[in-house]
file coords-v1.csv (CSV, C-alpha atoms)
chain,number,residue,atom,x,y,z
A,1,MET,CA,3.1,1.8,2.0
A,2,ASN,CA,5.9,4.2,2.7
A,3,ILE,CA,9.2,2.7,1.5
A,4,LEU,CA,12.8,3.7,1.8
A,5,VAL,CA,15.6,2.2,-0.2
A,6,LEU,CA,18.9,3.1,1.6
A,7,GLY,CA,22.2,2.6,-0.1
A,8,ILE,CA,25.1,2.5,2.5
A,9,GLY,CA,28.8,2.5,2.1
A,10,ASN,CA,32.1,4.3,1.8
A,11,VAL,CA,32.8,5.0,-1.9
A,12,LEU,CA,36.5,5.6,-1.1
A,13,LEU,CA,37.0,1.9,0.0
A,14,THR,CA,36.5,-0.1,-3.2
A,15,ASP,CA,33.8,-2.7,-2.6
A,16,GLU,CA,32.6,-1.0,0.6
A,17,GLY,CA,30.8,1.5,-1.6
A,18,ILE,CA,28.5,-1.1,-3.3
A,19,GLY,CA,25.3,0.2,-1.6
A,20,VAL,CA,25.8,3.7,-3.0
A,21,ARG,CA,26.8,2.3,-6.4
A,22,VAL,CA,23.7,0.1,-6.6
A,23,LEU,CA,21.5,3.0,-5.5
A,24,LYS,CA,22.9,5.1,-8.3
A,25,GLU,CA,22.1,2.3,-10.8
A,26,LEU,CA,18.6,2.0,-9.6
A,27,GLU,CA,18.1,5.8,-10.1
A,28,ARG,CA,19.6,5.5,-13.6
A,29,LYS,CA,17.6,2.5,-14.7
A,30,TYR,CA,14.1,2.9,-13.2
A,31,THR,CA,11.4,5.2,-12.1
A,32,PHE,CA,9.4,4.2,-9.0
A,33,SER,CA,6.0,4.9,-7.6
A,34,ALA,CA,5.7,8.0,-5.5
A,35,ASN,CA,5.8,6.0,-2.2
A,36,VAL,CA,9.4,4.8,-2.9
A,37,GLU,CA,12.3,7.0,-1.8
A,38,LEU,CA,15.9,6.2,-2.7
A,39,LEU,CA,18.5,7.7,-0.3
A,40,ASP,CA,22.3,7.7,-0.4
A,41,GLY,CA,23.1,7.1,3.2
A,42,GLY,CA,26.9,7.0,2.6
A,43,THR,CA,28.6,6.4,5.9
A,44,ALA,CA,26.0,8.1,8.0
A,45,GLY,CA,24.7,6.3,11.1
A,46,ILE,CA,22.3,7.5,13.8
A,47,GLU,CA,21.6,10.7,11.9
A,48,LEU,CA,19.5,8.6,9.5
A,49,LEU,CA,16.9,7.9,12.2
A,50,ARG,CA,14.7,10.7,10.9
A,51,HIS,CA,14.7,9.1,7.4
A,52,ILE,CA,13.7,5.6,8.5
A,53,SER,CA,11.1,6.6,11.1
A,54,SER,CA,7.5,6.3,10.0
A,55,ARG,CA,8.5,3.9,7.2
A,56,ASP,CA,6.5,0.7,6.5
A,57,TYR,CA,9.4,-0.9,4.6
A,58,LEU,CA,13.1,-0.4,4.7
A,59,ILE,CA,15.5,-1.9,2.1
A,60,ILE,CA,19.2,-1.5,2.9
A,61,ILE,CA,21.9,-2.2,0.4
A,62,ASP,CA,25.4,-2.6,1.7
A,63,ALA,CA,28.6,-4.7,1.6
A,64,MET,CA,28.4,-7.6,4.0
A,65,LYS,CA,30.9,-10.1,5.3
A,66,CYS,CA,29.3,-13.5,5.6
A,67,SER,CA,32.0,-16.0,4.6
A,68,GLN,CA,30.7,-16.3,1.0
A,69,GLU,CA,32.6,-16.0,-2.2
A,70,PRO,CA,33.3,-12.4,-3.1
A,71,GLY,CA,30.5,-11.0,-5.2
A,72,THR,CA,27.8,-13.2,-3.7
A,73,VAL,CA,24.5,-11.4,-3.3
A,74,ILE,CA,22.8,-12.1,0.1
A,75,ARG,CA,19.3,-11.3,1.1
A,76,VAL,CA,18.4,-11.0,4.8
A,77,GLU,CA,15.1,-10.0,6.3
A,78,GLY,CA,13.3,-9.2,9.5
A,79,ALA,CA,15.0,-9.6,12.8
A,80,ASP,CA,18.1,-11.0,11.1
A,81,VAL,CA,18.9,-7.6,9.6
A,82,PRO,CA,20.2,-6.0,12.8
A,83,ALA,CA,22.0,-9.2,13.6
A,84,ALA,CA,23.8,-9.0,10.2
A,85,PHE,CA,25.7,-5.9,11.3
A,86,ARG,CA,27.3,-7.7,14.3
A,87,THR,CA,30.1,-8.6,12.0
A,88,ARG,CA,31.4,-5.2,10.9
A,89,ILE,CA,33.7,-4.6,8.0
A,90,SER,CA,33.9,-0.8,8.4
A,91,PRO,CA,33.1,1.9,11.0
A,92,HIS,CA,29.9,3.0,9.2
A,93,GLN,CA,28.4,-0.4,10.0
A,94,LEU,CA,28.7,0.4,13.7
A,95,GLY,CA,26.6,3.5,13.0
A,96,LEU,CA,24.1,1.5,11.1
A,97,SER,CA,23.9,-1.1,13.9
A,98,ASP,CA,23.3,1.8,16.4
A,99,LEU,CA,20.7,3.3,14.1
A,100,LEU,CA,18.7,0.1,14.0
A,101,ALA,CA,19.0,-0.3,17.8
A,102,ALA,CA,17.8,3.3,18.4
A,103,ALA,CA,14.9,2.8,16.0
A,104,LEU,CA,13.9,-0.3,17.8
A,105,LEU,CA,14.1,1.4,21.2
A,106,THR,CA,12.1,4.4,20.1
A,107,ASP,CA,9.6,2.2,18.3
A,108,GLU,CA,10.5,3.8,14.9
A,109,LEU,CA,11.9,0.7,13.3
A,110,PRO,CA,10.1,-0.1,10.1
A,111,ARG,CA,7.8,-3.1,10.3
A,112,ASN,CA,9.5,-4.7,7.3
A,113,LEU,CA,13.3,-4.8,7.0
A,114,VAL,CA,15.2,-6.3,4.1
A,115,LEU,CA,19.0,-6.1,3.6
A,116,PHE,CA,20.6,-6.9,0.3
A,117,GLY,CA,24.3,-7.4,0.8
A,118,VAL,CA,27.3,-8.3,-1.4
A,119,GLU,CA,30.3,-10.1,-0.1
A,120,PRO,CA,33.3,-7.8,-0.8
A,121,GLU,CA,36.5,-8.8,-2.3
A,122,SER,CA,38.5,-5.8,-1.1
A,123,ILE,CA,37.9,-2.8,1.1
A,124,ASP,CA,41.2,-1.2,0.2
A,125,ILE,CA,41.4,2.5,-0.7
A,126,GLY,CA,40.1,3.1,-4.2
A,127,LEU,CA,37.2,4.6,-6.1
A,128,ASP,CA,36.3,1.6,-8.2
A,129,LEU,CA,34.6,-1.7,-7.3
A,130,THR,CA,36.7,-4.8,-7.9
A,131,GLU,CA,35.8,-6.7,-11.0
A,132,THR,CA,34.2,-9.5,-9.0
A,133,VAL,CA,31.9,-7.2,-7.1
A,134,GLU,CA,31.2,-5.0,-10.2
A,135,ALA,CA,29.9,-8.1,-11.9
A,136,SER,CA,27.3,-8.4,-9.2
A,137,VAL,CA,25.9,-4.9,-9.5
A,138,ASP,CA,23.2,-5.7,-12.1
A,139,LYS,CA,22.1,-8.8,-10.2
A,140,LEU,CA,21.7,-6.7,-7.0
A,141,VAL,CA,19.8,-3.9,-8.9
A,142,TYR,CA,17.4,-6.5,-10.3
A,143,ALA,CA,17.0,-8.1,-6.9
A,144,VAL,CA,16.0,-4.8,-5.3
A,145,ALA,CA,13.7,-3.9,-8.2
A,146,ASP,CA,12.0,-7.4,-7.9
A,147,GLU,CA,11.6,-6.8,-4.1
A,148,LEU,CA,9.8,-3.6,-4.8
A,149,ARG,CA,7.6,-5.1,-7.4
A,150,ALA,CA,6.8,-8.0,-5.0
A,151,ILE,CA,5.4,-5.6,-2.4
A,152,GLY,CA,3.3,-3.8,-4.9
A,153,CYS,CA,5.4,-0.9,-6.1
A,154,THR,CA,5.5,0.4,-9.6
A,155,VAL,CA,9.0,-0.1,-11.1
A,156,VAL,CA,9.3,1.2,-14.6
A,157,PRO,CA,12.5,0.7,-16.7
A,158,ILE,CA,13.9,3.9,-18.2
A,159,GLU,CA,14.4,3.5,-21.9
A,160,ALA,CA,18.1,4.4,-22.3
A,161,THR,CA,21.3,2.8,-23.4
A,162,PHE,CA,24.3,3.2,-21.1
A,163,THR,CA,27.8,2.9,-22.5
A,164,GLU,CA,29.5,3.5,-19.2
A,165,LYS,CA,28.9,2.4,-15.7
A,166,ALA,CA,27.5,5.0,-13.3
A,167,ARG,CA,29.9,6.8,-11.0
A,168,PHE,CA,28.9,7.9,-7.5
A,169,TRP,CA,29.4,11.5,-8.4
A,170,ASP,CA,27.1,11.4,-11.5
A,171,THR,CA,23.8,13.2,-11.3
A,172,VAL,CA,20.7,11.7,-12.7
call {"tool": "encode", "arguments": {"input": "coords-v1.csv", "output": "structure tokens"}}
result
Amino acid sequence: MNILVLGIGNVLLTDEGIGVRVLKELERKYTFSANVELLDGGTAGIELLRHISSRDYLIIIDAMKCSQEPGTVIRVEGADVPAAFRTRISPHQLGLSDLLAAALLTDELPRNLVLFGVEPESIDIGLDLTETVEASVDKLVYAVADELRAIGCTVVPIEATFTEKARFWDTV
């Protein structure tokens, strides 16, 4: 299986950057089987089409408004994933909605879609996640790792002790 884990979000808008932050934590904490690619999609939209085409499995990580308590982790799958972006919290989600629609129209939409979202507390200008959403990062990291294990991927923890949280500009 050819799998893409796509972290989405604007790291300049506090909790809106959760997808990119979680992707960075996944890179820091695990190694994955060769069939798994992790990609920082940032605020890109339709230009990601070449990255998702020919995939068997697409896992998207993003902030998601769904009238839950801030910091709540949400899992959406299948046909419900494109529908989840009908309620937009930022301009990049319009791009992601268009991306999924274009992939469907061109028959390039991966057969398996999963979206892991977190209800944001704030999308004000700022480089750090709110404390509420920051507290959900590990839960989301483990949820994505468990999803990958469940579909047969090798997910190996990296033996390291971290004294600080990852920053989006850190390199692995």
call {"tool": "atom_distance", "arguments": {"input": "coords-v1.csv", "atom1": "atom CA of A:Arg28", "atom2": "atom CA of A:Val133"}}
result
18.8 Å
call {"tool": "closest_residue", "arguments": {"input": "coords-v1.csv", "among": "A:Thr154, A:Thr106, A:Thr72, A:Asn35", "to": "A:Val5", "atoms": "only C-alpha atoms"}}
result
A:Asn35
call {"tool": "residues_around", "arguments": {"input": "coords-v1.csv", "residues": "A:Leu12", "least_positions_apart": "4", "cutoff": "8 Å", "atoms": "all atoms listed in the file", "output": "ChimeraX atom specification"}}
result
/A:16-17,125-127
call {"tool": "closest_residue", "arguments": {"input": "coords-v1.csv", "among": "A:Val114, A:Ala83, A:Ile123, A:Leu129", "to": "A:Leu13", "atoms": "all atoms listed in the file"}}
result
A:Ile123
call {"tool": "residues_near_point", "arguments": {"input": "coords-v1.csv", "point": "(15.8, 1.8, 16.1)", "cutoff": "12 Å", "atoms": "only C-alpha atoms", "output": "PyMOL selection string"}}
result
chain A and resi 45-55+58+79+81-82+95-111+113
call {"tool": "residues_around", "arguments": {"input": "coords-v1.csv", "residues": "A:Ile158", "least_positions_apart": "6", "cutoff": "12 Å", "atoms": "all atoms listed in the file", "output": "NGL selection string"}}
result
:A and (25-32 or 172)
call {"tool": "write_last_selection", "arguments": {"input": "coords-v1.csv", "atoms": "C-alpha atoms", "output": "mmCIF file, in the coordinates of the input"}}
result
data_model
loop_
_atom_site.group_PDB
_atom_site.id
_atom_site.type_symbol
_atom_site.label_atom_id
_atom_site.label_comp_id
_atom_site.auth_asym_id
_atom_site.auth_seq_id
_atom_site.Cartn_x
_atom_site.Cartn_y
_atom_site.Cartn_z
ATOM 1 C CA GLU A 25 22.100 2.300 -10.800
ATOM 2 C CA LEU A 26 18.600 2.000 -9.600
ATOM 3 C CA GLU A 27 18.100 5.800 -10.100
ATOM 4 C CA ARG A 28 19.600 5.500 -13.600
ATOM 5 C CA LYS A 29 17.600 2.500 -14.700
ATOM 6 C CA TYR A 30 14.100 2.900 -13.200
ATOM 7 C CA THR A 31 11.400 5.200 -12.100
ATOM 8 C CA PHE A 32 9.400 4.200 -9.000
ATOM 9 C CA VAL A 172 20.700 11.700 -12.700
#
call {"tool": "closest_residue", "arguments": {"input": "coords-v1.csv", "among": "A:Cys153, A:Val76, A:Val118, A:Cys66", "to": "A:Glu134", "atoms": "all atoms listed in the file"}}
result
A:Val118
call {"tool": "closest_residue", "arguments": {"input": "coords-v1.csv", "among": "A:Ile74, A:Leu39, A:Ala160, A:Val20", "to": "A:Lys139", "atoms": "only C-alpha atoms"}}
result
A:Ile74
call {"tool": "closest_residue", "arguments": {"input": "coords-v1.csv", "among": "A:Met1, A:Ala34, A:Val73, A:Val22", "to": "A:Ile151", "atoms": "all atoms listed in the file"}}
result
A:Met1
call {"tool": "atom_distance", "arguments": {"input": "coords-v1.csv", "atom1": "atom CA of A:Ala44", "atom2": "atom CA of A:Asp138"}}
result
24.5 Å
call {"tool": "closest_residue", "arguments": {"input": "coords-v1.csv", "among": "A:Pro70, A:Lys24, A:Leu38, A:Glu147", "to": "A:Phe116", "atoms": "all atoms listed in the file"}}
result
A:Glu147
call {"tool": "atom_distance", "arguments": {"input": "coords-v1.csv", "atom1": "atom CA of A:Leu23", "atom2": "atom CA of A:Gly7"}}
result
5.5 Å
call {"tool": "residues_around", "arguments": {"input": "coords-v1.csv", "residues": "A:Leu148", "least_positions_apart": "4", "cutoff": "10 Å", "atoms": "only C-alpha atoms", "output": "ChimeraX atom specification"}}
result
/A:3,5,32-33,36,57,59,142-144,152-155
